[in-house]
Each structure stands twice: as structure tokens, then as C-alpha cells.
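Below: upload_34.tsv (TSV, C-alpha atoms)
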```
chain	number	residue	atom	x	y	z
A	698	MET	CA	-9.31	-0.48	-28.73
A	699	LYS	CA	-7.03	-2.04	-26.19
A	700	LEU	CA	-5.40	-4.16	-28.86
A	701	PHE	CA	-3.64	-1.18	-30.34
A	702	SER	CA	-2.94	0.78	-27.19
A	703	LYS	CA	0.55	0.88	-25.80
A	704	PRO	CA	1.58	1.90	-22.33
A	705	GLN	CA	1.73	5.66	-22.45
A	706	LYS	CA	5.08	7.27	-21.95
A	707	THR	CA	4.74	9.40	-18.89
A	708	ASN	CA	7.10	11.73	-17.18
A	709	SER	CA	7.58	11.23	-13.47
A	710	LEU	CA	4.63	13.49	-12.73
A	711	ALA	CA	1.72	11.18	-13.40
A	712	LEU	CA	0.16	7.94	-12.26
A	713	LEU	CA	-1.68	5.74	-14.73
A	714	SER	CA	-4.86	3.85	-14.02
A	715	VAL	CA	-3.91	0.36	-12.84
A	716	CYS	CA	-6.72	-1.46	-14.59
A	717	ASP	CA	-9.38	-1.03	-17.26
A	718	GLY	CA	-12.38	0.36	-15.46
A	719	GLU	CA	-13.65	3.43	-13.74
A	720	VAL	CA	-11.43	5.76	-11.75
A	721	VAL	CA	-13.34	6.86	-8.66
A	722	SER	CA	-12.69	8.82	-5.50
A	723	LEU	CA	-11.22	7.13	-2.45
A	724	ASP	CA	-14.46	8.22	-0.72
A	725	GLU	CA	-16.17	5.39	-2.56
A	726	VAL	CA	-13.91	2.72	-1.08
A	727	PRO	CA	-15.86	0.76	1.55
A	728	ASP	CA	-13.09	0.90	4.14
A	729	GLU	CA	-12.54	3.88	6.40
A	730	ALA	CA	-8.74	3.46	6.34
A	731	PHE	CA	-8.72	4.21	2.60
A	732	ALA	CA	-11.76	6.51	2.38
A	733	SER	CA	-10.51	8.80	5.14
A	734	GLY	CA	-7.20	9.37	3.41
A	735	MET	CA	-5.41	8.03	6.51
A	736	LEU	CA	-3.14	5.83	4.40
A	737	GLY	CA	-2.44	8.48	1.78
A	738	GLU	CA	-3.86	10.46	-1.14
A	739	GLY	CA	-4.90	8.72	-4.30
A	740	PHE	CA	-7.70	7.21	-6.32
A	741	ALA	CA	-9.45	3.89	-6.73
A	742	VAL	CA	-10.35	1.83	-9.78
A	743	MET	CA	-13.49	-0.25	-10.19
A	744	PRO	CA	-11.88	-2.98	-12.32
A	745	GLU	CA	-13.40	-4.49	-15.43
A	746	ASN	CA	-10.83	-7.22	-15.82
A	747	GLY	CA	-8.29	-9.05	-13.74
A	748	THR	CA	-4.99	-7.62	-14.96
A	749	VAL	CA	-3.49	-5.08	-12.59
A	750	LEU	CA	-0.72	-2.79	-13.86
A	751	SER	CA	1.88	-0.61	-12.27
A	752	PRO	CA	0.75	3.05	-12.18
A	753	ALA	CA	4.31	4.32	-12.53
A	754	GLU	CA	7.90	3.41	-13.19
A	755	GLY	CA	9.55	2.15	-10.03
A	756	VAL	CA	10.72	-0.80	-8.01
A	757	ILE	CA	8.51	-3.40	-6.33
A	758	GLU	CA	9.35	-2.89	-2.68
A	759	SER	CA	7.01	-5.46	-1.21
A	760	ILE	CA	4.19	-7.86	-1.98
A	761	SER	CA	1.98	-8.85	0.92
A	762	ASP	CA	1.91	-12.51	1.96
A	763	SER	CA	-1.70	-12.59	0.90
A	764	ARG	CA	-0.58	-11.27	-2.51
A	765	HIS	CA	-3.19	-8.50	-2.74
A	766	ALA	CA	-1.04	-5.48	-1.82
A	767	TYR	CA	1.85	-4.19	-3.94
A	768	ALA	CA	4.20	-1.48	-2.71
A	769	ILE	CA	6.18	0.38	-5.34
A	770	SER	CA	8.82	2.99	-4.71
A	771	SER	CA	8.98	5.59	-7.46
A	772	LYS	CA	10.28	9.09	-8.12
A	773	ILE	CA	6.92	10.44	-7.08
A	774	GLY	CA	7.09	8.61	-3.77
A	775	ASP	CA	5.85	5.37	-2.26
A	776	ILE	CA	2.82	3.93	-4.00
A	777	LEU	CA	0.52	1.24	-2.64
A	778	VAL	CA	-1.74	-0.74	-4.98
A	779	HIS	CA	-4.23	-2.60	-2.81
A	780	ILE	CA	-6.44	-5.01	-4.73
A	781	GLY	CA	-9.85	-5.42	-3.13
A	782	ILE	CA	-11.01	-4.68	0.40
A	783	ASP	CA	-10.49	-7.31	3.10
A	784	SER	CA	-8.96	-9.38	0.31
A	785	VAL	CA	-6.34	-10.50	2.84
A	786	LYS	CA	-8.81	-13.35	3.46
A	787	VAL	CA	-8.68	-14.75	-0.11
A	788	PRO	CA	-5.02	-15.07	-1.14
A	789	GLU	CA	-5.94	-17.70	-3.74
A	790	ALA	CA	-7.58	-14.99	-5.85
A	791	PHE	CA	-4.21	-13.37	-6.58
A	792	GLU	CA	-1.26	-14.20	-8.74
A	793	PRO	CA	1.69	-11.82	-8.63
A	794	ILE	CA	3.57	-11.55	-11.93
A	795	VAL	CA	6.48	-9.55	-10.56
A	796	ASN	CA	8.99	-10.18	-7.79
A	797	VAL	CA	10.13	-8.05	-4.91
A	798	GLY	CA	13.11	-5.94	-5.99
A	799	GLU	CA	12.07	-6.00	-9.65
A	800	LYS	CA	12.02	-2.79	-11.69
A	801	VAL	CA	8.70	-2.10	-13.36
A	802	ALA	CA	7.65	0.25	-16.12
A	803	ALA	CA	4.50	2.36	-15.97
A	804	GLY	CA	1.72	0.14	-17.30
A	805	GLN	CA	3.56	-3.14	-16.77
A	806	PRO	CA	1.33	-5.95	-15.43
A	807	ILE	CA	2.07	-6.73	-11.79
A	808	ALA	CA	-0.72	-9.12	-10.80
A	809	ARG	CA	-3.64	-11.15	-12.00
A	810	VAL	CA	-6.73	-11.28	-9.89
A	811	ASP	CA	-9.77	-13.52	-10.04
A	812	LEU	CA	-12.48	-10.88	-9.73
A	813	GLY	CA	-15.22	-13.54	-9.83
A	814	LEU	CA	-13.74	-15.32	-6.83
A	815	LEU	CA	-13.54	-12.04	-4.88
A	816	ARG	CA	-17.17	-11.23	-5.70
A	817	ALA	CA	-18.26	-14.76	-4.80
A	818	SER	CA	-16.49	-14.30	-1.46
A	819	GLY	CA	-18.43	-11.09	-0.88
A	820	ILE	CA	-15.33	-8.94	-1.19
A	821	SER	CA	-15.23	-5.57	-2.91
A	822	THR	CA	-13.00	-5.69	-5.99
A	823	VAL	CA	-12.17	-1.99	-5.88
A	824	ILE	CA	-8.45	-1.19	-6.19
A	825	PRO	CA	-7.26	1.79	-4.15
A	826	VAL	CA	-3.99	3.30	-5.40
A	827	LEU	CA	-2.34	5.47	-2.78
A	828	ILE	CA	0.66	7.73	-2.59
A	829	THR	CA	1.67	6.79	0.92
A	830	ASP	CA	4.78	8.93	1.11
A	831	LYS	CA	4.86	11.73	-1.43
A	832	ARG	CA	8.27	12.89	-2.56
A	833	GLN	CA	6.90	15.16	-5.26
A	834	ALA	CA	6.03	18.68	-4.09
A	835	GLY	CA	2.77	20.33	-5.12
A	836	GLY	CA	-0.80	19.13	-5.35
A	837	ILE	CA	-2.44	16.35	-7.30
A	838	LYS	CA	-5.26	16.38	-9.79
A	839	ILE	CA	-7.32	13.25	-10.30
A	840	LYS	CA	-9.11	12.42	-13.53
A	841	TYR	CA	-12.24	10.45	-12.72
A	842	GLY	CA	-14.27	8.26	-15.07
A	843	LYS	CA	-13.61	5.47	-17.51
A	844	ALA	CA	-9.94	4.74	-18.02
A	845	ILE	CA	-7.79	2.21	-19.80
A	846	GLY	CA	-5.29	0.63	-17.48
A	847	GLY	CA	-1.66	1.44	-18.20
A	848	ARG	CA	-2.61	4.10	-20.72
A	849	ASP	CA	-4.88	6.72	-19.24
A	850	ILE	CA	-3.56	9.09	-16.60
A	851	ALA	CA	-5.42	8.99	-13.30
A	852	ILE	CA	-3.29	11.45	-11.33
A	853	LYS	CA	-1.36	14.46	-12.52
A	854	PHE	CA	0.85	16.46	-10.24
A	855	THR	CA	0.39	20.20	-10.24
A	856	ASP	CA	2.81	22.93	-9.22
K	823	MET	CA	16.39	4.97	23.51
K	824	GLN	CA	13.11	3.27	24.30
K	825	SER	CA	12.12	-0.14	23.09
K	826	PHE	CA	9.29	-2.59	23.50
K	827	ASN	CA	7.99	-5.78	21.95
K	828	HIS	CA	4.59	-6.42	20.46
K	829	THR	CA	3.15	-9.72	19.31
K	830	LEU	CA	0.78	-9.20	16.42
K	831	ASN	CA	-2.73	-10.40	16.93
K	832	CYS	CA	-4.36	-8.84	13.89
K	833	VAL	CA	-5.75	-11.21	11.30
K	834	GLY	CA	-3.52	-10.94	8.26
K	835	GLY	CA	-0.63	-9.58	10.32
K	836	LEU	CA	0.76	-6.12	9.70
K	837	HIS	CA	-1.23	-5.40	6.56
K	838	ALA	CA	-2.22	-1.98	5.21
K	839	ARG	CA	-4.73	-0.91	7.83
K	840	PRO	CA	-2.84	-1.70	11.05
K	841	ALA	CA	0.42	-0.57	9.47
K	842	GLY	CA	-1.25	2.73	8.54
K	843	VAL	CA	-2.36	3.21	12.13
K	844	ILE	CA	1.22	2.79	13.33
K	845	VAL	CA	2.62	5.11	10.64
K	846	ASN	CA	0.15	7.87	11.44
K	847	ALA	CA	1.00	7.69	15.12
K	848	ALA	CA	4.74	7.48	14.48
K	849	LYS	CA	4.66	10.57	12.24
K	850	GLN	CA	3.42	12.68	15.15
K	851	PHE	CA	6.82	12.34	16.81
K	852	SER	CA	10.20	13.66	15.83
K	853	SER	CA	12.06	10.65	17.24
K	854	ASP	CA	13.42	8.04	14.87
K	855	ILE	CA	11.25	4.94	15.13
K	856	LEU	CA	12.51	1.67	13.83
K	857	ILE	CA	10.70	-1.66	13.89
K	858	ARG	CA	12.62	-4.91	13.77
K	859	LYS	CA	11.32	-8.39	13.12
K	860	LEU	CA	13.37	-11.44	13.91
K	861	SER	CA	12.58	-14.64	12.11
K	862	ALA	CA	14.22	-17.82	10.90
K	863	GLU	CA	15.31	-15.95	7.76
K	864	GLY	CA	17.08	-13.29	9.85
K	865	ALA	CA	16.28	-9.79	11.01
K	866	LYS	CA	14.32	-7.26	8.96
K	867	GLU	CA	14.03	-3.60	9.83
K	868	ALA	CA	11.54	-0.97	8.83
K	869	ASP	CA	11.01	2.75	9.20
K	870	ALA	CA	7.79	3.12	11.23
K	871	LYS	CA	7.01	6.38	9.44
K	872	ARG	CA	6.88	4.79	6.01
K	873	LEU	CA	3.90	2.57	5.22
K	874	ILE	CA	5.44	0.46	2.50
K	875	SER	CA	8.55	-0.07	4.59
K	876	LEU	CA	6.41	-1.47	7.41
K	877	MET	CA	4.45	-3.65	5.02
K	878	SER	CA	7.66	-5.06	3.61
K	879	LEU	CA	8.40	-6.62	7.00
K	880	GLY	CA	5.75	-9.18	6.10
K	881	ALA	CA	4.98	-9.52	9.80
K	882	ARG	CA	2.35	-12.16	10.39
K	883	ARG	CA	-0.12	-12.79	13.16
K	884	GLY	CA	1.68	-14.37	16.10
K	885	GLU	CA	5.05	-12.86	15.21
K	886	THR	CA	6.78	-10.42	17.50
K	887	ILE	CA	8.06	-7.06	16.37
K	888	THR	CA	10.31	-4.77	18.39
K	889	PHE	CA	10.03	-0.99	18.38
K	890	TYR	CA	13.19	1.08	18.87
K	891	ILE	CA	12.53	4.75	19.50
K	892	ASN	CA	15.30	7.28	19.68
K	893	GLY	CA	14.94	11.04	19.97
K	894	PRO	CA	13.70	13.97	22.04
K	895	ASP	CA	10.12	12.70	22.42
K	896	GLU	CA	10.95	8.99	22.72
K	897	SER	CA	9.10	8.46	26.01
K	898	MET	CA	5.86	9.95	24.73
K	899	ALA	CA	6.21	8.08	21.46
K	900	ALA	CA	6.80	4.76	23.21
K	901	GLU	CA	3.79	5.27	25.44
K	902	LYS	CA	1.52	6.20	22.54
K	903	LEU	CA	2.67	3.37	20.28
K	904	GLN	CA	2.42	0.80	23.03
K	905	ALA	CA	-1.13	1.85	23.80
K	906	LEU	CA	-1.96	1.65	20.10
K	907	CYS	CA	-0.51	-1.84	19.76
K	908	ARG	CA	-2.57	-3.07	22.70
K	909	GLU	CA	-5.77	-1.79	21.08
K	910	MET	CA	-4.97	-3.12	17.65
K	911	VAL	CA	-6.95	-6.18	16.72
K	912	GLY	CA	-8.35	-5.53	13.22
```
Can the structure in the file be given as C-alpha cells, please?
Amino acid sequence: MKLFSKPQKTNSLALLSVCDGEVVSLDEVPDEAFASGMLGEGFAVMPENGTVLSPAEGVIESISDSRHAYAISSKIGDILVHIGIDSVKVPEAFEPIVNVGEKVAAGQPIARVDLGLLRASGISTVIPVLITDKRQAGGIKIKYGKAIGGRDIAIKFTD
Amino acid sequence: MQSFNHTLNCVGGLHARPAGVIVNAAKQFSSDILIRKLSAEGAKEADAKRLISLMSLGARRGETITFYINGPDESMAAEKLQALCREMVG
């Protein structure tokens, strides 16, 4: 019932799913750089629609020229939302709806993506969400499975 | 202080994957490692140990970035990073 769901109020110790879909392990991302954890810890979402949301409150630090990668600095640390794999080749599939330097709330839409165009281009639509520079001490716990973007928690921090 | 230039030849410029390779290498050293990009809009600087900082340079294929390395292991770091840059094509 997306119609009635509101972005969940979270403390600084959680990341929300960035899209409606299924939260999966980074292992399932068809790119070694993400799957190996080289770029950071996190999760990935198999998206069901083309609205991508911020996983946390923070500031948009950068948007790639090809408009598929969004870097957000937050209390938790640096977060990278990377829409699709090798999507650097199809910039026309992406429409940012935030600007660099803009403050965002957890669950606020940051980009629209044409999933059909990505699929037609043979590009995986999976969205890895990485903590590339963790400022929060302790471990993380990931909740896998179906999630509503901007509402359901995908990562909780543990002591 | 050590410094060297590198002209990016990766498709898509300094996007997540090549930037991640640099960050992981840079983190192995205690020296401060700064990367500067000069362009028509002016100079931009990034911390080579922070992925999103590097990505915010928006460095494109064909653009030149300069590494500035300062600290106790600067020579080793410069050697390692230079070797990495030469290999980096993807």
C-alpha cells in the first residue's frame, strides 16, 4: 500500500531501501568491484520501478556525469548509490531530481531511471548501495527480501 | 612531496570502479594523498582515500589529474599509484 506509506523516520543508525524491490546481497551484483566488497559494505536492490530514493538523511556530494551514481555524505558515513551496472554507457536512462550540494531526507527521491531502456541495452538494473567510508562504529545487519523504497530498513547498525 | 600526472584513459572517466581501485591502493599508505584536476572551470581537489571525494572530481576520459603525495611512505605510494594508473583501462 505505497499510497499510504510515508518515509519512515529513522535515527542515524539505519539505511532505507532505495527503491521498491528486493534487497539482495552484494554477492549477487554482476560486477566484481561491488560483489567483492572492494568499494565498501552494503546491499543491492533489484528495482521494481524507476524511482530511486536516498537511503539516509545527508547531502548530495556528487552526481556522476553519466547521472547513474549518487554520492551522499551522511552521519553514518559516505554512501554511494550506483544505479545499474556498466550504466555509465547509457546516461539517457537517468534523470537526477536533486542537485549537488542539496540536503536530502531519508526516502527523498533522488533520481528517475528508465529501467526498460537499461534492460533493452543489456544492462543490469541492480542498484548497489555502499557505505564507502563508514563513520559509524560497530557492525551492520542487512535485512534481505522484499522492501518498500524509502520506508523499509535495509541496513541497521549494531553495537 | 611526490607528484605525478595521469591522463585518464578509462571509458567513463574516473567512475566508481577505477576510483575504487585508487582508493584501495591509497589507503594502504599513511601519506596524505591529494588528487587535483585542472579544468576550464578551475581546480578541484579530492582526497584519494575517500571514494565519493574522488568521484566528485568528475574527471573524464582524456583529462589529466595530478597526484600529490606527502608523508613518510610517499615514495612507495607514488610508485604503487603510478603503476596502478598505467594498468587502469576499464
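Residues with any atom within 10 Å of Met910 in chain K, counting only C-alpha atoms and excluding same-chain neighbours fewer than 5 positions away, are Leu830, Asn831, Cys832, Pro840, Val843, Ile844, Gln904 and Ala905 of chain K.
If we count all atoms listed in the file, these residues of chain A sit within 8 Å of chain K: Ala730, Met735, Leu736, Glu758, Ser759, Ile760, Ser761, Asp762, Ser763, Ala766, Ala768, Ile769, Asp775, Ile776, Leu777, Val785, Lys786, Thr829 and Asp830 of chain A.
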Neighbour list for Asp728 in chain A as a list in words, cut-off 9 Å, all atoms listed in the file, skip fewer than 5 positions in-chain: Ser733, Ile782 and Asp783 of chain A
Phe731 in chain A environment, 9 Å, only C-alpha atoms, sequence neighbours closer than 6 positions dropped, as a list in words: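 My list of contacting residues is Leu723, Asp724, Gly737, Glu738, Pro825 and Leu827 of chain A; Arg839 of chain K.
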Counting all atoms listed in the file, the option among A:Ala802, A:Val742, A:Ile820, A:Ile850 closest to Ser770 in chain A: A:Ala802
d(CA of Arg809 in chain A, CA of His765 in chain A) in Å: 9.6 Å
Gap from CA of Phe740 in chain A to CA of Pro788 in chain A - Å, one decimal: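 Interatomic distance here is 23.0 Å.
Between Ser852 in chain K and the candidates K:Ala865, K:Ile887, K:Ala870, K:Cys907, the tightest atom-to-atom separation, counting all atoms listed in the file, involves K:Ala870.
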Best match for closeness to Met823 in chain K among K:Leu906, K:Met898, K:Ile891, K:Leu856, counting all atoms listed in the file: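 Under the stated criterion, the closest residue is K:Ile891.
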Å distance separating CA of Cys716 in chain A from CA of Ile845 in chain A, one decimal place: 6.5 Å
